[in-house]
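Enquirer: Below: one structure in structure tokens.
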Amino acid sequence: MRRRLPEVVRAIDRKIWRDLARMKGQVGAIAAVMSCGLAIFIAGMTCQGSLNRARAEYYAESLFAHVFAAVKSAPSSVTARIREIEGVSKVQSGIAQPVTVTVKDFTEPVTGRIISLPEAVEAMDLNRVTVRRGRWPVRGRDREILVSEPFFEAHRLALGDRIQVVLNGREEELTITGTGLSPDFIIEMPPGGFLPDSLRFGVFWMPGEDLEAAFAMEGAFNQVALGLGMGANQEEVIRQLDDLLEPYGGLGAFGREDQLSDRFIADELKQLRVMSFFPPAIFLSIAAYLLNVSLSRLMHLQRPQIAVLKSFGYSTGEIGWHYVKMASVLILLGTAGGSLLGAWMGRVMTGMYQRFYRFPVELYHADPALFALAAALMAVLAIAGVAGAVRSAVSIPPAVAMQPEPPAVYRKSILDRIPMLRGASPSARMLIRELERRPRRVFLGIFGIAFASSGLIMGNFGKDSIQYIIDVQFGLSQRFDAAVTFHRPAPLRVIQDLRAIDGVESVEPVRAVPVKFRLGPRSKQTTVQGVADPERFVRLKQLLDVDRHLVEPPREGLLISVALASALRAQAGDLLTLEILERNRPRREVAVAGIVEDFEGLSAYMSLSALNRVLREGPSVTLAFLRIDPAREKEVYQRLRESPRVAGVSLKRASMRSFLDTIGENLLRMRLFNVIFATTIAVGVIYNSMRVVLSERSRELATMRVIGFRHGEVSVILQGHLAVLVLCAIPLGLGLGTLFCLAIARSLTTDLYRVPFVLNRETFGVAILVVLAASFVCALFLDRGIRRLDLIAVLKARD
């Protein structure tokens, strides 16, 4: 009996397909939930792996530096002393200056950064520029330059085009010979901005001798990059480099991890890790639960079949393997759908990132090992979900399995303990007993629907955060139209010059100073903004506390952003040490007077007079906020561009547009995916839960119809069961979604920007409506199932 013919083996395998065909609705729901969870996991991990791979390859090919420093002006001879620092293997010094640019047919202000180049790329020891189109510029020939590829494409320029650039106060016409990419500008950020804007900011490279002559810096440099050898102590190298550059106006050295472009990518990778964990973990857990419930119900109904198989000589292991193979079919369906959907989503998301992170290598990379890992993870979770049900089903002796399952052990129910429930109708009593006798299934069903609700809340969380940032940052806080930066600290009287420009309605001066904050073992490098007295100047940038109330900087003390307070673990009253990264790098101690709401990452504010006292200098400004008459914008921009003091101009509306094009678009796209997938989960969980109940209770429901119960009285048992699950799950899901969103907001906060934790009433309302709508659709299917019960066939089942 142990050795059977192949035909018999094929027959038991055909049983798998017959069983799956009978429960095709549940199979589709389970496979859809599996596919959703796997797709988000694969898409997020593919993006993360693609960015990591592209970054590592590009950094290695372009010799990206490990340490960076800026200085006002240092003689080239200092580089020899820098090379003597222990651990330094390579040194690349040069010139970098902010410039204003005029592009044909573009009326808004454009700024840029122009950087010196050696005569050939081979002469670059670090941060090599990759020429994407055209050729390397030649010194002394028609003022040739390379233009960053994003800027070139955004303005639809062509090789040989000329652009006007203000170099050291003189406007010159430069010729474009090619486009380039550099590892230190994978993402190009305008001065004072926290998001990329290729239309209004670009990077340019010019032969070193030409740039030295333009800025009168022959034999000098103002930026330096260092490559470190194996085992080098980066902190010690930075300390010695700061000491060497201090006499020449060193502005503070920092490591690669604090370099703006690299930090932006590192933060994006951090966000991808977060978004690749939360939703897939929820979806895959629910898929394992659904698989467990569905196969448990199937094996419960197939007890007699299991007994027959055993009587024909099939071992317990063979029967268990039969049901594992059935689960494997579902796993294969979910894995196939999830892999295809995840690969498509990964390509779409990677293409979205390719718009902002410019690598000279192909960004999208689908790692086969990742797909294998995803499939293995899905298999482990699914098999773990069904292992207990298979083990309990196949361990029943054949003689016992051939008999109907014994009724549940009688005990007093809640109906007997609560007098007011004793008068309940028969349908209500059956509903209450069903819920009480299977608490585990009820509990898991409630949690499944609750997780679906939480997914809907997470999907809309990005929209709420974006709207809040727009309302607070660009609406309440920023009342200006443009921000003007100066090449170097200017006397306060420059504000009168700005006010005199026809079309400028009001001006607010600001003094920005680069500093390094220290509190205990923690430190952060950022800037302090000195805010002018509101009695003398109109406040164009409002400072708001966490309750959105207006806050004025005190005459003494410091206001810090929520992100900086969190990074330093500081609170009001703490004494911070300020290492000022200007002049002779003095250190001061300043008390924290309060914490303000700011989404631009690490920010700090003082009154302008207090900052001047800390710096021990007279009134000076480095930045000015302007409110401009919309009818005179072009004239104002032209006057600002002609000013030799002005290093750049940024527009508030351009910052808002850039925000929506980068963070806003990414979050909204993820919102769409999450909402679709969460809705799929809601339908899958509710449908499967109620199909199980309908299958198990079909004989009882048919009996009730035969003995005279009306359709509505029978239907209320299942509809009531569904209502209890949904009504209990909704508040739990709202709470779980809130907690998940709070965790996501904290995980996504970086030094560059902060994602606020905000959930609007509409978000909760949408989640509730979607769950109720899914429940209504499932209720219609249940009602249809009850109406289609074959009363004669059901009652023929033996007792």
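Residue numbering restarts at 1 for every chain of the structure tokens, chains are lettered A, B, ... in their displayed order, and ligands are numbered from 1 as they appear.
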For Ala452 of chain A, work out the shell of residues within 9 Å, counting only C-alpha atoms and skipping chain neighbours fewer than 3 positions away, then give it as a list in words.
Expert: Ile282, Phe283, Ile286, Phe447, Gly448, Ile449, Gly455, Leu456, Ile457, Phe677, Ala678, Thr679, Thr680, Ile681, Ala682, Val683, Val685, Gly733, Ala767 and Val771 of chain A
Enquirer: Counting only C-alpha atoms, what is within 10 Å of Asp783 of chain A, bar same-chain residues fewer than 2 positions away, as a list in words?
Expert: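 In the requested form, the answer reads His711, Gly712, Val714, Ser715, Val716, Leu718, Gln719, Cys778, Ala779, Leu780, Phe781, Gly785, Ile786, Arg787 and Arg788 of chain A.
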Enquirer: Apply DSSP to the backbone of this structure and, from segment 374-593 of chain A, keep only the residues in strand (DSSP E); write these as a PyMOL selection string.
Expert: chain A and resi 482-491+504-519+522-531+543-544+550-551+558-561+575-580+587-593
Enquirer: Just the helix (DSSP H, G or I) stuff from segment 704-760 of chain A, please, per backbone DSSP, written as a PyMOL selection string.
Expert: chain A and resi 704-706+711-748
Enquirer: Just to be explicit: take each residue in the selection above, keep C-alpha atoms, and write the result as a PDB file, in the first residue's frame.
Expert:
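And here's part29.pdb as it stands now:
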ATOM      1  CA  MET A 704     -32.577  27.844  10.009  1.00  0.00           C
ATOM      2  CA  ARG A 705     -34.025  28.560   6.563  1.00  0.00           C
ATOM      3  CA  VAL A 706     -35.606  25.091   6.384  1.00  0.00           C
ATOM      4  CA  HIS A 711     -33.700  35.434   5.033  1.00  0.00           C
ATOM      5  CA  GLY A 712     -33.157  38.613   7.041  1.00  0.00           C
ATOM      6  CA  GLU A 713     -33.086  36.691  10.351  1.00  0.00           C
ATOM      7  CA  VAL A 714     -30.463  34.341   8.963  1.00  0.00           C
ATOM      8  CA  SER A 715     -28.450  37.099   7.325  1.00  0.00           C
ATOM      9  CA  VAL A 716     -28.223  39.132  10.528  1.00  0.00           C
ATOM     10  CA  ILE A 717     -25.979  36.476  12.073  1.00  0.00           C
ATOM     11  CA  LEU A 718     -23.234  37.025   9.506  1.00  0.00           C
ATOM     12  CA  GLN A 719     -23.897  40.713   9.014  1.00  0.00           C
ATOM     13  CA  GLY A 720     -23.813  41.208  12.783  1.00  0.00           C
ATOM     14  CA  HIS A 721     -20.540  39.283  12.981  1.00  0.00           C
ATOM     15  CA  LEU A 722     -19.096  41.575  10.321  1.00  0.00           C
ATOM     16  CA  ALA A 723     -20.410  44.678  12.084  1.00  0.00           C
ATOM     17  CA  VAL A 724     -18.803  43.673  15.383  1.00  0.00           C
ATOM     18  CA  LEU A 725     -15.423  43.106  13.712  1.00  0.00           C
ATOM     19  CA  VAL A 726     -15.515  46.404  11.825  1.00  0.00           C
ATOM     20  CA  LEU A 727     -16.814  48.557  14.685  1.00  0.00           C
ATOM     21  CA  CYS A 728     -14.171  47.177  17.063  1.00  0.00           C
ATOM     22  CA  ALA A 729     -11.400  47.430  14.441  1.00  0.00           C
ATOM     23  CA  ILE A 730     -11.956  51.040  13.364  1.00  0.00           C
ATOM     24  CA  PRO A 731     -10.971  52.802  16.644  1.00  0.00           C
ATOM     25  CA  LEU A 732      -8.097  50.353  17.127  1.00  0.00           C
ATOM     26  CA  GLY A 733      -6.919  51.013  13.571  1.00  0.00           C
ATOM     27  CA  LEU A 734      -7.066  54.771  14.049  1.00  0.00           C
ATOM     28  CA  GLY A 735      -4.927  54.445  17.166  1.00  0.00           C
ATOM     29  CA  LEU A 736      -2.413  52.126  15.481  1.00  0.00           C
ATOM     30  CA  GLY A 737      -2.228  54.396  12.437  1.00  0.00           C
ATOM     31  CA  THR A 738      -1.515  57.386  14.654  1.00  0.00           C
ATOM     32  CA  LEU A 739       1.307  55.553  16.407  1.00  0.00           C
ATOM     33  CA  PHE A 740       2.782  54.341  13.105  1.00  0.00           C
ATOM     34  CA  CYS A 741       2.674  57.859  11.645  1.00  0.00           C
ATOM     35  CA  LEU A 742       4.380  59.255  14.732  1.00  0.00           C
ATOM     36  CA  ALA A 743       7.154  56.671  14.360  1.00  0.00           C
ATOM     37  CA  ILE A 744       7.489  57.439  10.639  1.00  0.00           C
ATOM     38  CA  ALA A 745       7.650  61.215  11.246  1.00  0.00           C
ATOM     39  CA  ARG A 746      10.435  60.777  13.778  1.00  0.00           C
ATOM     40  CA  SER A 747      12.306  58.385  11.508  1.00  0.00           C
ATOM     41  CA  LEU A 748      12.088  60.697   8.483  1.00  0.00           C
TER      42      LEU A 748
END
Enquirer: When you look at Leu284 of chain A with a cut-off of 9 Å (counting only C-alpha atoms), what residues show up, excluding the ones that are within fewer than 6 positions of it in the same chain? I need them as a list in words.
Expert: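 Once the nearby chain positions are removed, what remains is Val33, Met34, Ser35, Cys36, Gly37, Leu38, Met378, Leu381 and Ala382 of chain A.
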